[in-house]
$ cat model-v2.cif   # mmCIF, C-alpha atoms and all ligand atoms
data_run
loop_
_atom_site.group_PDB
_atom_site.id
_atom_site.type_symbol
_atom_site.label_atom_id
_atom_site.label_comp_id
_atom_site.auth_asym_id
_atom_site.auth_seq_id
_atom_site.Cartn_x
_atom_site.Cartn_y
_atom_site.Cartn_z
ATOM 1 C CA MET A 1 1.919 11.264 7.143
ATOM 2 C CA LEU A 2 4.805 11.779 4.729
ATOM 3 C CA THR A 3 7.410 14.377 5.502
ATOM 4 C CA PRO A 4 6.186 17.555 3.801
ATOM 5 C CA VAL A 5 9.684 18.984 3.359
ATOM 6 C CA LEU A 6 10.610 16.431 0.701
ATOM 7 C CA GLU A 7 11.510 18.136 -2.495
ATOM 8 C CA GLY A 8 11.596 16.870 -6.031
ATOM 9 C CA ARG A 9 8.172 15.834 -7.171
ATOM 10 C CA VAL A 10 7.012 14.100 -10.312
ATOM 11 C CA ALA A 11 3.596 14.184 -11.918
ATOM 12 C CA SER A 12 1.320 11.282 -11.037
ATOM 13 C CA PRO A 13 -0.901 9.737 -13.724
ATOM 14 C CA ASN A 14 -3.682 12.077 -12.592
ATOM 15 C CA GLY A 15 -1.407 15.095 -12.836
ATOM 16 C CA SER A 16 -0.765 15.841 -9.142
ATOM 17 C CA PRO A 17 2.867 16.045 -8.033
ATOM 18 C CA MET A 18 4.350 13.242 -5.896
ATOM 19 C CA ASN A 19 7.647 12.688 -4.121
ATOM 20 C CA ALA A 20 9.561 9.396 -4.421
ATOM 21 C CA ILE A 21 7.801 7.564 -1.600
ATOM 22 C CA GLU A 22 4.363 8.784 -2.624
ATOM 23 C CA HIS A 23 5.220 7.598 -6.132
ATOM 24 C CA LEU A 24 5.917 4.067 -4.842
ATOM 25 C CA MET A 25 2.808 4.094 -2.667
ATOM 26 C CA GLU A 26 0.674 5.163 -5.614
ATOM 27 C CA GLU A 27 2.044 2.169 -7.500
ATOM 28 C CA HIS A 28 0.996 -0.027 -4.577
ATOM 29 C CA ARG A 29 -2.590 1.207 -5.029
ATOM 30 C CA THR A 30 -2.364 0.200 -8.700
ATOM 31 C CA LEU A 31 -1.085 -3.230 -7.692
ATOM 32 C CA GLU A 32 -3.947 -3.640 -5.220
ATOM 33 C CA GLY A 33 -6.380 -2.915 -8.066
ATOM 34 C CA ILE A 34 -4.787 -5.687 -10.113
ATOM 35 C CA LEU A 35 -4.852 -8.088 -7.143
ATOM 36 C CA GLY A 36 -8.565 -7.392 -6.671
ATOM 37 C CA ALA A 37 -9.231 -8.141 -10.343
ATOM 38 C CA MET A 38 -7.208 -11.360 -10.092
ATOM 39 C CA GLU A 39 -9.169 -12.478 -7.042
ATOM 40 C CA THR A 40 -12.505 -11.919 -8.789
ATOM 41 C CA TRP A 41 -11.214 -13.734 -11.858
ATOM 42 C CA ALA A 42 -9.860 -16.735 -9.924
ATOM 43 C CA GLU A 43 -13.140 -17.134 -8.028
ATOM 44 C CA SER A 44 -15.045 -17.600 -11.289
ATOM 45 C CA LEU A 45 -12.813 -19.976 -13.272
ATOM 46 C CA ASP A 46 -15.679 -22.404 -13.837
ATOM 47 C CA ALA A 47 -17.758 -19.726 -15.589
ATOM 48 C CA ARG A 48 -15.363 -19.619 -18.569
ATOM 49 C CA THR A 49 -13.796 -22.000 -21.036
ATOM 50 C CA ASP A 50 -10.233 -23.161 -20.472
ATOM 51 C CA GLY A 51 -9.213 -21.191 -23.560
ATOM 52 C CA GLU A 52 -10.609 -17.952 -22.116
ATOM 53 C CA ASN A 53 -9.108 -18.700 -18.715
ATOM 54 C CA GLY A 54 -5.718 -19.445 -20.250
ATOM 55 C CA ARG A 55 -5.689 -16.222 -22.287
ATOM 56 C CA GLN A 56 -6.781 -14.119 -19.331
ATOM 57 C CA LEU A 57 -4.290 -15.742 -16.989
ATOM 58 C CA GLY A 58 -1.615 -15.069 -19.605
ATOM 59 C CA PHE A 59 -2.626 -11.417 -19.638
ATOM 60 C CA PHE A 60 -2.377 -11.151 -15.860
ATOM 61 C CA ALA A 61 0.967 -12.948 -15.783
ATOM 62 C CA THR A 62 2.369 -10.799 -18.592
ATOM 63 C CA PHE A 63 1.272 -7.630 -16.820
ATOM 64 C CA LEU A 64 2.816 -8.767 -13.545
ATOM 65 C CA ARG A 65 6.059 -9.651 -15.339
ATOM 66 C CA ASP A 66 6.205 -6.454 -17.422
ATOM 67 C CA TYR A 67 4.891 -3.963 -14.868
ATOM 68 C CA VAL A 68 5.388 -5.171 -11.316
ATOM 69 C CA ASP A 69 8.960 -6.261 -11.784
ATOM 70 C CA PRO A 70 10.589 -3.732 -14.149
ATOM 71 C CA VAL A 71 8.495 -0.782 -13.035
ATOM 72 C CA HIS A 72 7.944 -1.234 -9.308
ATOM 73 C CA HIS A 73 10.227 -3.854 -7.767
ATOM 74 C CA GLN A 74 13.217 -2.611 -9.735
ATOM 75 C CA LYS A 75 12.704 0.941 -8.478
ATOM 76 C CA GLU A 76 12.884 -0.448 -4.970
ATOM 77 C CA GLU A 77 15.790 -2.820 -5.572
ATOM 78 C CA ARG A 78 17.977 -0.638 -7.770
ATOM 79 C CA VAL A 79 17.228 2.732 -6.192
ATOM 80 C CA LEU A 80 15.468 2.725 -2.794
ATOM 81 C CA PHE A 81 17.159 -0.344 -1.275
ATOM 82 C CA GLU A 82 20.583 0.741 -2.577
ATOM 83 C CA ALA A 83 20.034 4.175 -1.010
ATOM 84 C CA LEU A 84 19.153 2.540 2.307
ATOM 85 C CA ILE A 85 22.294 0.373 2.101
ATOM 86 C CA GLU A 86 24.403 3.477 1.332
ATOM 87 C CA HIS A 87 22.989 4.963 4.529
ATOM 88 C CA GLY A 88 23.856 2.082 6.792
ATOM 89 C CA PHE A 89 21.276 -0.652 6.305
ATOM 90 C CA PRO A 90 22.765 -4.154 5.876
ATOM 91 C CA ARG A 91 22.446 -5.741 2.453
ATOM 92 C CA ASP A 92 22.206 -9.408 3.424
ATOM 93 C CA ILE A 93 20.081 -9.361 6.577
ATOM 94 C CA GLY A 94 17.253 -7.218 7.916
ATOM 95 C CA PRO A 95 14.450 -5.430 6.073
ATOM 96 C CA VAL A 96 16.207 -4.865 2.741
ATOM 97 C CA ALA A 97 17.167 -8.537 2.419
ATOM 98 C CA ALA A 98 13.673 -9.614 3.488
ATOM 99 C CA MET A 99 11.971 -7.372 0.905
ATOM 100 C CA ARG A 100 14.312 -8.639 -1.856
ATOM 101 C CA ARG A 101 13.539 -12.224 -0.894
ATOM 102 C CA GLU A 102 9.812 -11.498 -1.090
ATOM 103 C CA HIS A 103 10.269 -9.982 -4.561
ATOM 104 C CA ASP A 104 11.976 -13.228 -5.634
ATOM 105 C CA GLU A 105 9.030 -15.204 -4.272
ATOM 106 C CA CYS A 106 6.639 -13.001 -6.305
ATOM 107 C CA ARG A 107 8.690 -13.674 -9.442
ATOM 108 C CA ALA A 108 8.588 -17.429 -8.836
ATOM 109 C CA LEU A 109 4.784 -17.332 -8.498
ATOM 110 C CA VAL A 110 4.455 -15.296 -11.712
ATOM 111 C CA ARG A 111 6.610 -17.882 -13.528
ATOM 112 C CA ARG A 112 4.213 -20.585 -12.320
ATOM 113 C CA MET A 113 1.218 -18.586 -13.584
ATOM 114 C CA THR A 114 2.912 -18.138 -16.970
ATOM 115 C CA SER A 115 3.559 -21.854 -17.167
ATOM 116 C CA LEU A 116 -0.062 -22.716 -16.276
ATOM 117 C CA ALA A 117 -1.342 -20.158 -18.815
ATOM 118 C CA GLY A 118 0.693 -21.858 -21.537
ATOM 119 C CA SER A 119 -0.546 -25.343 -20.699
ATOM 120 C CA ALA A 120 -1.939 -26.875 -23.907
ATOM 121 C CA HIS A 121 -4.232 -29.506 -22.373
ATOM 122 C CA GLU A 122 -7.711 -29.011 -20.921
ATOM 123 C CA TRP A 123 -7.628 -27.979 -17.288
ATOM 124 C CA THR A 124 -8.679 -30.661 -14.858
ATOM 125 C CA ALA A 125 -10.297 -29.900 -11.493
ATOM 126 C CA ASP A 126 -6.838 -30.444 -9.973
ATOM 127 C CA ASP A 127 -5.290 -27.977 -12.430
ATOM 128 C CA LYS A 128 -7.856 -25.346 -11.432
ATOM 129 C CA GLU A 129 -7.268 -26.011 -7.765
ATOM 130 C CA SER A 130 -3.558 -25.679 -8.292
ATOM 131 C CA LEU A 131 -4.084 -22.456 -10.244
ATOM 132 C CA ARG A 132 -6.271 -20.991 -7.517
ATOM 133 C CA GLY A 133 -3.539 -21.872 -5.017
ATOM 134 C CA VAL A 134 -0.914 -20.006 -7.055
ATOM 135 C CA VAL A 135 -3.122 -16.960 -7.740
ATOM 136 C CA PHE A 136 -4.409 -16.642 -4.176
ATOM 137 C CA GLY A 137 -0.880 -17.302 -2.903
ATOM 138 C CA TYR A 138 0.415 -14.429 -5.017
ATOM 139 C CA ILE A 139 -2.388 -12.112 -3.865
ATOM 140 C CA GLU A 140 -1.742 -12.877 -0.210
ATOM 141 C CA HIS A 141 2.019 -12.642 -0.585
ATOM 142 C CA LEU A 142 2.052 -9.316 -2.440
ATOM 143 C CA SER A 143 -0.649 -7.815 -0.181
ATOM 144 C CA HIS A 144 1.423 -8.562 2.924
ATOM 145 C CA HIS A 145 4.547 -7.275 1.217
ATOM 146 C CA ILE A 146 2.823 -3.997 0.313
ATOM 147 C CA PHE A 147 1.519 -3.615 3.863
ATOM 148 C CA LYS A 148 5.046 -4.010 5.290
ATOM 149 C CA GLU A 149 6.518 -1.498 2.859
ATOM 150 C CA ASP A 150 3.758 1.088 3.336
ATOM 151 C CA ASN A 151 3.806 0.835 7.121
ATOM 152 C CA VAL A 152 7.397 0.011 7.996
ATOM 153 C CA LEU A 153 9.991 0.303 5.244
ATOM 154 C CA TYR A 154 8.793 3.486 3.550
ATOM 155 C CA PRO A 155 8.347 5.460 6.792
ATOM 156 C CA VAL A 156 11.856 4.339 7.780
ATOM 157 C CA ALA A 157 13.181 5.509 4.383
ATOM 158 C CA VAL A 158 11.523 8.903 4.814
ATOM 159 C CA SER A 159 13.002 9.316 8.280
ATOM 160 C CA GLN A 160 16.493 7.955 7.500
ATOM 161 C CA LEU A 161 17.329 9.145 3.990
ATOM 162 C CA PRO A 162 18.449 12.714 3.326
ATOM 163 C CA ALA A 163 15.851 14.866 1.553
ATOM 164 C CA GLU A 164 18.351 15.433 -1.254
ATOM 165 C CA ARG A 165 18.639 11.671 -1.889
ATOM 166 C CA LEU A 166 14.862 11.265 -1.921
ATOM 167 C CA ALA A 167 14.551 14.177 -4.336
ATOM 168 C CA ARG A 168 17.086 12.613 -6.711
ATOM 169 C CA MET A 169 15.134 9.377 -6.557
ATOM 170 C CA VAL A 170 12.160 10.817 -8.406
ATOM 171 C CA VAL A 171 14.373 11.667 -11.364
ATOM 172 C CA GLU A 172 15.668 8.087 -11.417
ATOM 173 C CA PHE A 173 12.111 6.761 -11.172
ATOM 174 C CA GLU A 174 11.009 8.895 -14.115
ATOM 175 C CA ALA A 175 13.838 7.496 -16.249
ATOM 176 C CA MET A 176 12.892 3.933 -15.278
ATOM 177 C CA ASP A 177 9.233 4.621 -16.087
ATOM 178 C CA ALA A 178 10.166 5.890 -19.533
ATOM 179 C CA ALA A 179 12.411 2.880 -20.193
ATOM 180 C CA ALA A 180 9.729 0.401 -19.119
ATOM 181 C CA GLY A 181 6.862 2.170 -20.926
ATOM 182 C CA ARG A 182 4.922 2.667 -17.686
ATOM 183 C CA ALA A 183 2.214 4.896 -19.161
ATOM 184 C CA SER A 184 1.376 2.391 -21.856
ATOM 185 C CA LEU A 185 1.396 -0.537 -19.389
ATOM 186 C CA LEU A 186 -0.985 1.337 -17.089
ATOM 187 C CA ALA A 187 -3.321 2.090 -19.976
ATOM 188 C CA GLN A 188 -3.399 -1.624 -20.803
ATOM 189 C CA ALA A 189 -4.006 -2.466 -17.142
ATOM 190 C CA ALA A 190 -7.233 -0.452 -17.080
ATOM 191 C CA SER A 191 -8.895 -3.348 -18.900
ATOM 192 C CA LEU A 192 -8.015 -5.651 -15.985
ATOM 193 C CA TRP A 193 -10.153 -3.655 -13.600
ATOM 194 C CA GLN A 194 -13.425 -4.054 -15.448
ATOM 195 C CA PRO A 195 -15.783 -6.442 -13.664
ATOM 196 C CA PRO A 196 -15.859 -9.923 -15.182
ATOM 197 C CA PRO A 197 -16.723 -11.251 -17.619
ATOM 198 C CA TYR A 198 -14.439 -9.179 -19.760
ATOM 199 C CA SER A 199 -12.696 -9.786 -23.043
ATOM 200 C CA ALA A 200 -8.929 -9.814 -23.017
ATOM 201 C CA PRO A 201 -7.718 -6.852 -25.081
ATOM 202 C CA ALA A 202 -6.456 -7.552 -28.585
ATOM 203 C CA HIS A 203 -2.812 -7.035 -27.658
ATOM 204 C CA ALA A 204 -3.055 -9.888 -25.124
ATOM 205 C CA LEU A 205 -4.441 -12.478 -27.548
HETATM 206 FE FE FE B 301 8.709 -4.394 -2.695
HETATM 207 FE FE FE B 302 6.587 -2.061 -3.246
#

$ encode --input "model-v2.cif" --output "structure tokens" --more "lines below"
Ligand SMILES: [Fe+2]
Ligand SMILES: [Fe+2]
Amino acid sequence: MLTPVLEGRVASPNGSPMNAIEHLMEEHRTLEGILGAMETWAESLDARTDGENGRQLGFFATFLRDYVDPVHHQKEERVLFEALIEHGFPRDIGPVAAMRREHDECRALVRRMTSLAGSAHEWTADDKESLRGVVFGYIEHLSHHIFKEDNVLYPVAVSQLPAERLARMVVEFEAMDAAAGRASLLAQAASLWQPPPYSAPAHAL
């Protein structure tokens, strides 16, 4: 249960107000929707042509690069983690360092997906196996990361950070959302959650 005394709330995509930690947790639910779509997609690679698979993988990888990093991970790294460090958490060891390291691992996996999506040759059985390894690795990695933040780091932030700092955070998050075009990215992401087979939207082709 989040601390009810937190002030400073921003509107969620469905219009209800959220505080900074609820805002991050709501983004986690979005990410879980994307991970579910990726899992379904990766389980049915053989049902599509390599061209379709490549385009769709490119769409996933682009969304992860343009949404997960600048919209979500950067809010944590540039705002939440810095606030925790200002309030006594170490920068180079402990939970903040561990969460940063896991973000870097996510970025490395997205770079591998981007590279596989851009591969010009026909995918061999080994290529598909390798792709499944990267996609399922990313899903597992980010799912565990989200679990740790929801159940450990965020509750610690709520209990350790002053209410005033958490309230200011929502204003910073709103500015980052505007800069990254969050609303438009989320609208694009809706197409990822349709059950397969789906057609990649025109902007992804
Ligand atoms: Fe994170
Ligand atoms: Fe997160």

$ closest_residue --input "model-v2.cif" --among "A:Phe173, A:Phe136, A:Trp41, A:Phe60" --to "Val79 in chain A" --atoms "only C-alpha atoms"
A:Phe173

$ resolve_selection --input "model-v2.cif" --expression "the PyMOL selection byres (((chain A and resi 107-121) around 7) and not hetatm)" --output "list in words"
Gly54, Arg55, Leu57, Gly58, Ala61, Leu64, Arg65, His103, Asp104, Glu105, Cys106, Glu122, Trp123, Val134 and Tyr138 of chain A

$ write_last_selection --input "model-v2.cif" --atoms "C-alpha atoms" --output "short mmCIF file (atom, residue, chain, number, x, y, z; two decimals), keeping the file's coordinate frame"
data_model
loop_
_atom_site.label_atom_id
_atom_site.label_comp_id
_atom_site.auth_asym_id
_atom_site.auth_seq_id
_atom_site.Cartn_x
_atom_site.Cartn_y
_atom_site.Cartn_z
CA GLY A 54 -5.72 -19.44 -20.25
CA ARG A 55 -5.69 -16.22 -22.29
CA LEU A 57 -4.29 -15.74 -16.99
CA GLY A 58 -1.62 -15.07 -19.60
CA ALA A 61 0.97 -12.95 -15.78
CA LEU A 64 2.82 -8.77 -13.54
CA ARG A 65 6.06 -9.65 -15.34
CA HIS A 103 10.27 -9.98 -4.56
CA ASP A 104 11.98 -13.23 -5.63
CA GLU A 105 9.03 -15.20 -4.27
CA CYS A 106 6.64 -13.00 -6.30
CA GLU A 122 -7.71 -29.01 -20.92
CA TRP A 123 -7.63 -27.98 -17.29
CA VAL A 134 -0.91 -20.01 -7.06
CA TYR A 138 0.42 -14.43 -5.02
#

$ residues_near_ligand --input "model-v2.cif" --ligand "ligand FE 301 (chain B)" --cutoff "9 Å" --atoms "all atoms listed in the file" --output "list in words"
His72, His73, Gln74, Lys75, Glu76, Glu77, Met99, Arg100, Glu102, His103, Leu142, His145, Ile146, Lys148 and Glu149 of chain A

$ residues_around --input "model-v2.cif" --residues "Leu24 in chain A" --least-positions-apart "2" --cutoff "12 Å" --atoms "all atoms listed in the file" --output "PyMOL selection string"
chain A and resi 10+12+18-22+26-31+68+71-76+79-80+146+149-150+153-155+157+166+169-170+173-174+177

$ atom_distance --input "model-v2.cif" --atom1 "CA of Ile34 in chain A" --atom2 "CA of Glu140 in chain A"
12.6 Å

$ atom_distance --input "model-v2.cif" --atom1 "CA of Ser44 in chain A" --atom2 "CA of Ser130 in chain A"
14.4 Å

$ closest_residue --input "model-v2.cif" --among "A:Arg132, A:His87, A:His141, A:Arg101" --to "Leu45 in chain A" --atoms "only C-alpha atoms"
A:Arg132

$ closest_residue --input "model-v2.cif" --among "A:Asp126, A:Asn151, A:Ala180, A:Met25" --to "ligand FE 302 (chain B)" --atoms "all atoms listed in the file"
A:Met25

$ atom_distance --input "model-v2.cif" --atom1 "CA of Phe81 in chain A" --atom2 "CA of Arg182 in chain A"
20.7 Å

$ axis_aligned_box --input "model-v2.cif" --around "range 71-79 of chain A" --padding-each-side "4 Å" --output "AutoDock Vina command-line options"
--center_x 13.0 --center_y -0.6 --center_z -9.0 --size_x 18.0 --size_y 14.6 --size_z 16.1

$ decode --input "model-v2.cif" --residues "range 3-119 of chain A" --atoms "C-alpha atoms" --output "mmCIF file, in the first residue's frame"
data_model
loop_
_atom_site.group_PDB
_atom_site.id
_atom_site.type_symbol
_atom_site.label_atom_id
_atom_site.label_comp_id
_atom_site.auth_asym_id
_atom_site.auth_seq_id
_atom_site.Cartn_x
_atom_site.Cartn_y
_atom_site.Cartn_z
ATOM 1 C CA THR A 3 1.649 6.121 1.531
ATOM 2 C CA PRO A 4 -1.600 8.067 1.142
ATOM 3 C CA VAL A 5 -0.102 11.336 2.386
ATOM 4 C CA LEU A 6 2.004 11.796 -0.743
ATOM 5 C CA GLU A 7 1.123 14.993 -2.456
ATOM 6 C CA GLY A 8 1.643 16.122 -6.001
ATOM 7 C CA ARG A 9 -0.251 13.940 -8.397
ATOM 8 C CA VAL A 10 -0.265 13.806 -12.166
ATOM 9 C CA ALA A 11 -2.973 12.518 -14.462
ATOM 10 C CA SER A 12 -2.532 8.941 -15.638
ATOM 11 C CA PRO A 13 -3.389 8.014 -19.236
ATOM 12 C CA ASN A 14 -6.863 7.038 -18.025
ATOM 13 C CA GLY A 15 -7.310 10.357 -16.255
ATOM 14 C CA SER A 16 -6.932 9.305 -12.599
ATOM 15 C CA PRO A 17 -4.323 11.151 -10.538
ATOM 16 C CA MET A 18 -1.094 9.363 -9.539
ATOM 17 C CA ASN A 19 1.868 10.216 -7.340
ATOM 18 C CA ALA A 20 5.462 9.663 -8.510
ATOM 19 C CA ILE A 21 5.766 6.041 -7.416
ATOM 20 C CA GLU A 22 2.335 5.103 -8.720
ATOM 21 C CA HIS A 23 3.360 6.750 -11.989
ATOM 22 C CA LEU A 24 6.422 4.475 -12.253
ATOM 23 C CA MET A 25 4.411 1.413 -11.269
ATOM 24 C CA GLU A 26 1.802 2.195 -13.909
ATOM 25 C CA GLU A 27 4.618 2.285 -16.451
ATOM 26 C CA HIS A 28 5.697 -1.152 -15.230
ATOM 27 C CA ARG A 29 2.214 -2.469 -16.083
ATOM 28 C CA THR A 30 2.643 -1.032 -19.590
ATOM 29 C CA LEU A 31 6.024 -2.736 -19.885
ATOM 30 C CA GLU A 32 4.522 -6.048 -18.772
ATOM 31 C CA GLY A 33 1.945 -5.706 -21.561
ATOM 32 C CA ILE A 34 4.752 -5.265 -24.079
ATOM 33 C CA LEU A 35 6.685 -8.223 -22.631
ATOM 34 C CA GLY A 36 3.584 -10.407 -22.971
ATOM 35 C CA ALA A 37 3.194 -9.383 -26.616
ATOM 36 C CA MET A 38 6.880 -10.106 -27.254
ATOM 37 C CA GLU A 39 6.578 -13.557 -25.706
ATOM 38 C CA THR A 40 3.590 -14.446 -27.889
ATOM 39 C CA TRP A 41 5.407 -13.114 -30.939
ATOM 40 C CA ALA A 42 8.655 -14.995 -30.237
ATOM 41 C CA GLU A 43 6.779 -18.271 -29.726
ATOM 42 C CA SER A 44 5.347 -18.076 -33.247
ATOM 43 C CA LEU A 45 8.353 -17.033 -35.354
ATOM 44 C CA ASP A 46 7.877 -19.967 -37.718
ATOM 45 C CA ALA A 47 4.347 -18.826 -38.614
ATOM 46 C CA ARG A 48 5.660 -15.724 -40.427
ATOM 47 C CA THR A 49 8.134 -14.856 -43.136
ATOM 48 C CA ASP A 50 11.562 -13.569 -42.161
ATOM 49 C CA GLY A 51 10.599 -10.197 -43.631
ATOM 50 C CA GLU A 52 7.546 -9.934 -41.364
ATOM 51 C CA ASN A 53 9.531 -11.163 -38.375
ATOM 52 C CA GLY A 54 12.309 -8.668 -39.053
ATOM 53 C CA ARG A 55 9.895 -5.731 -39.355
ATOM 54 C CA GLN A 56 8.011 -6.711 -36.217
ATOM 55 C CA LEU A 57 11.185 -7.280 -34.237
ATOM 56 C CA GLY A 58 12.356 -3.859 -35.410
ATOM 57 C CA PHE A 59 9.129 -2.357 -34.110
ATOM 58 C CA PHE A 60 9.561 -3.979 -30.706
ATOM 59 C CA ALA A 61 13.210 -2.950 -30.488
ATOM 60 C CA THR A 62 12.432 0.624 -31.534
ATOM 61 C CA PHE A 63 9.681 0.867 -28.934
ATOM 62 C CA LEU A 64 11.948 -0.495 -26.212
ATOM 63 C CA ARG A 65 14.685 1.959 -27.214
ATOM 64 C CA ASP A 66 12.368 4.977 -27.532
ATOM 65 C CA TYR A 67 10.013 4.288 -24.628
ATOM 66 C CA VAL A 68 11.604 2.081 -21.998
ATOM 67 C CA ASP A 69 14.872 3.944 -21.868
ATOM 68 C CA PRO A 70 14.049 7.655 -22.304
ATOM 69 C CA VAL A 71 10.652 7.479 -20.643
ATOM 70 C CA HIS A 72 10.991 4.958 -17.826
ATOM 71 C CA HIS A 73 14.604 4.089 -17.027
ATOM 72 C CA GLN A 74 15.687 7.708 -17.307
ATOM 73 C CA LYS A 75 13.036 8.808 -14.812
ATOM 74 C CA GLU A 76 14.517 6.317 -12.389
ATOM 75 C CA GLU A 77 18.164 7.081 -13.128
ATOM 76 C CA ARG A 78 18.001 10.858 -13.417
ATOM 77 C CA VAL A 79 15.341 11.538 -10.795
ATOM 78 C CA LEU A 80 14.466 8.682 -8.403
ATOM 79 C CA PHE A 81 17.956 7.186 -7.989
ATOM 80 C CA GLU A 82 19.536 10.648 -7.649
ATOM 81 C CA ALA A 83 16.975 11.497 -4.953
ATOM 82 C CA LEU A 84 17.837 8.291 -3.101
ATOM 83 C CA ILE A 85 21.559 9.121 -3.346
ATOM 84 C CA GLU A 86 20.874 12.653 -2.032
ATOM 85 C CA HIS A 87 19.206 10.987 0.946
ATOM 86 C CA GLY A 88 22.058 8.700 1.844
ATOM 87 C CA PHE A 89 22.007 5.728 -0.508
ATOM 88 C CA PRO A 90 25.423 4.851 -2.000
ATOM 89 C CA ARG A 91 25.883 5.479 -5.706
ATOM 90 C CA ASP A 92 28.325 2.696 -6.568
ATOM 91 C CA ILE A 93 27.121 -0.233 -4.464
ATOM 92 C CA GLY A 94 23.772 -1.459 -3.177
ATOM 93 C CA PRO A 95 20.317 -1.247 -4.748
ATOM 94 C CA VAL A 96 20.817 1.899 -6.837
ATOM 95 C CA ALA A 97 23.979 0.534 -8.464
ATOM 96 C CA ALA A 98 22.316 -2.848 -9.018
ATOM 97 C CA MET A 99 19.260 -1.297 -10.706
ATOM 98 C CA ARG A 100 21.498 0.859 -12.955
ATOM 99 C CA ARG A 101 23.497 -2.208 -13.939
ATOM 100 C CA GLU A 102 20.290 -4.040 -14.840
ATOM 101 C CA HIS A 103 19.186 -1.092 -16.994
ATOM 102 C CA ASP A 104 22.511 -1.353 -18.860
ATOM 103 C CA GLU A 105 21.890 -5.061 -19.407
ATOM 104 C CA CYS A 106 18.428 -4.250 -20.840
ATOM 105 C CA ARG A 107 20.007 -1.739 -23.228
ATOM 106 C CA ALA A 108 22.567 -4.299 -24.401
ATOM 107 C CA LEU A 109 19.794 -6.819 -25.146
ATOM 108 C CA VAL A 110 17.798 -4.197 -27.075
ATOM 109 C CA ARG A 111 20.910 -3.410 -29.155
ATOM 110 C CA ARG A 112 21.164 -7.116 -29.999
ATOM 111 C CA MET A 113 17.493 -7.198 -31.038
ATOM 112 C CA THR A 114 18.021 -4.133 -33.243
ATOM 113 C CA SER A 115 21.002 -5.785 -34.871
ATOM 114 C CA LEU A 116 19.080 -9.031 -35.517
ATOM 115 C CA ALA A 117 16.118 -7.052 -36.910
ATOM 116 C CA GLY A 118 18.435 -5.362 -39.403
ATOM 117 C CA SER A 119 20.016 -8.601 -40.580
#
